[in-house]
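Quick notes on the structure that follows.
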Amino acid sequence: MEHQLEDDNNPLQIPPPAHAEEQFDEVAPRPANRILRDYARPDRFNCESSIRKPPVATNNFEIRTCLIQTIQQSCIFTGDLSEVPHSHLIDFLELVETTKYNGVPPEAIKLRLFPFSLKGEAKTWLRNLPQGSITT
């Protein structure tokens, strides 16, 4: 897209583009004391979940895609004011408790599947909780 120069005869004035660096600093401010080498490496992004998943002893544990899809189709919670969180949990537990994996504690299954039952504001809420703060 071409930017038009300011001209008295041109009623359409397009402001100059904002500096991308300033936009990113608003989202994730960077420390002022960075050295040149720091700019060559990406910032550390904390991708640890707020859910602490218990270890599973079995080697062949795999949650099937169809179970995740069923959860996403039948018991999604978005955080909308019209939704009842307790009803969501009842529906979620009802569905997840129909599944059993040998050697895998039910709590491990529930904790792994719970994020798939959230969407929108509810998912944002989950991601903003402290790392490992949900244990049951």
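Going by the structure tokens order, chains are called A, B, ..., each with residues numbered from 1, while ligands are numbered from 1 in the order shown.
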
| task | Excluding region 75-89 of chain A and residues on its chain fewer than 3 positions from it, collect all residues at most 8 Å away from it, counting only C-alpha atoms, and give them as a PyMOL selection string. | result | chain A and resi 71-72+92-93+116-123

Shell of 12 Å around Glu48 (chain A), only C-alpha atoms, local chain residues under 4 positions omitted, as a CSV table (one decimal) with N, CA and C atoms, in the first residue's frame:
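selection.csv, written as the output of this step:
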chain,number,residue,atom,x,y,z
A,44,ARG,N,12.2,-15.6,25.8
A,44,ARG,CA,11.7,-16.8,26.4
A,44,ARG,C,10.2,-16.7,26.6
A,52,ARG,N,-1.2,-28.7,36.2
A,52,ARG,CA,-0.1,-29.6,36.5
A,52,ARG,C,-0.7,-31.0,36.3
A,53,LYS,N,-0.2,-31.6,35.2
A,53,LYS,CA,-0.7,-33.0,34.8
A,53,LYS,C,0.2,-34.0,35.6
A,126,LEU,N,-7.9,-19.5,31.8
A,126,LEU,CA,-7.1,-20.7,32.1
A,126,LEU,C,-5.6,-20.4,31.8
A,127,ARG,N,-5.3,-19.8,30.7
A,127,ARG,CA,-3.9,-19.5,30.3
A,127,ARG,C,-3.3,-18.4,31.2
A,128,ASN,N,-4.1,-17.6,31.8
A,128,ASN,CA,-3.5,-16.5,32.7
A,128,ASN,C,-3.3,-16.9,34.1
A,129,LEU,N,-3.7,-18.1,34.5
A,129,LEU,CA,-3.5,-18.6,35.8
A,129,LEU,C,-2.0,-19.0,36.0
A,130,PRO,N,-1.5,-18.9,37.2
A,130,PRO,CA,-0.1,-19.2,37.4
A,130,PRO,C,0.2,-20.7,37.0
A,131,GLN,N,1.4,-20.8,36.5
A,131,GLN,CA,1.9,-22.1,36.0
A,131,GLN,C,1.7,-23.2,37.1
A,132,GLY,N,1.1,-24.3,36.7
A,132,GLY,CA,0.9,-25.5,37.6
A,132,GLY,C,0.0,-25.2,38.8
A,133,SER,N,-0.9,-24.2,38.7
A,133,SER,CA,-1.8,-23.9,39.9
A,133,SER,C,-3.0,-24.8,40.0

| note | Counting only C-alpha atoms, the residue among A:Ala108, A:Pro115, A:Glu97, A:Thr70 that lies closest to Thr135 (chain A) is A:Ala108

| query | Using only C-alpha atoms, which of A:Thr136, A:Gln69, A:Thr124, A:Ser50 sits nearest Pro105 (chain A)? | reply | A:Thr136

| field | Two-atom distance - CA of Leu113 (chain A), CA of Val96 (chain A) (Å) | value | 8.0 Å

| field | Atomic distance CA of Asp91 (chain A) - CA of Ala57 (chain A), expressed in Å with one decimal | value | 27.7 Å

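From CA of Ile51 (chain A) back to CA of Thr98 (chain A), the distance works out to 21.6 Å.
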
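Those residues that approach Asn59 (chain A) to within 12 Å, counting only C-alpha atoms, are Tyr101, Asn102, Gly103 and Val104 of chain A; same-chain residues fewer than 5 positions away are not listed.
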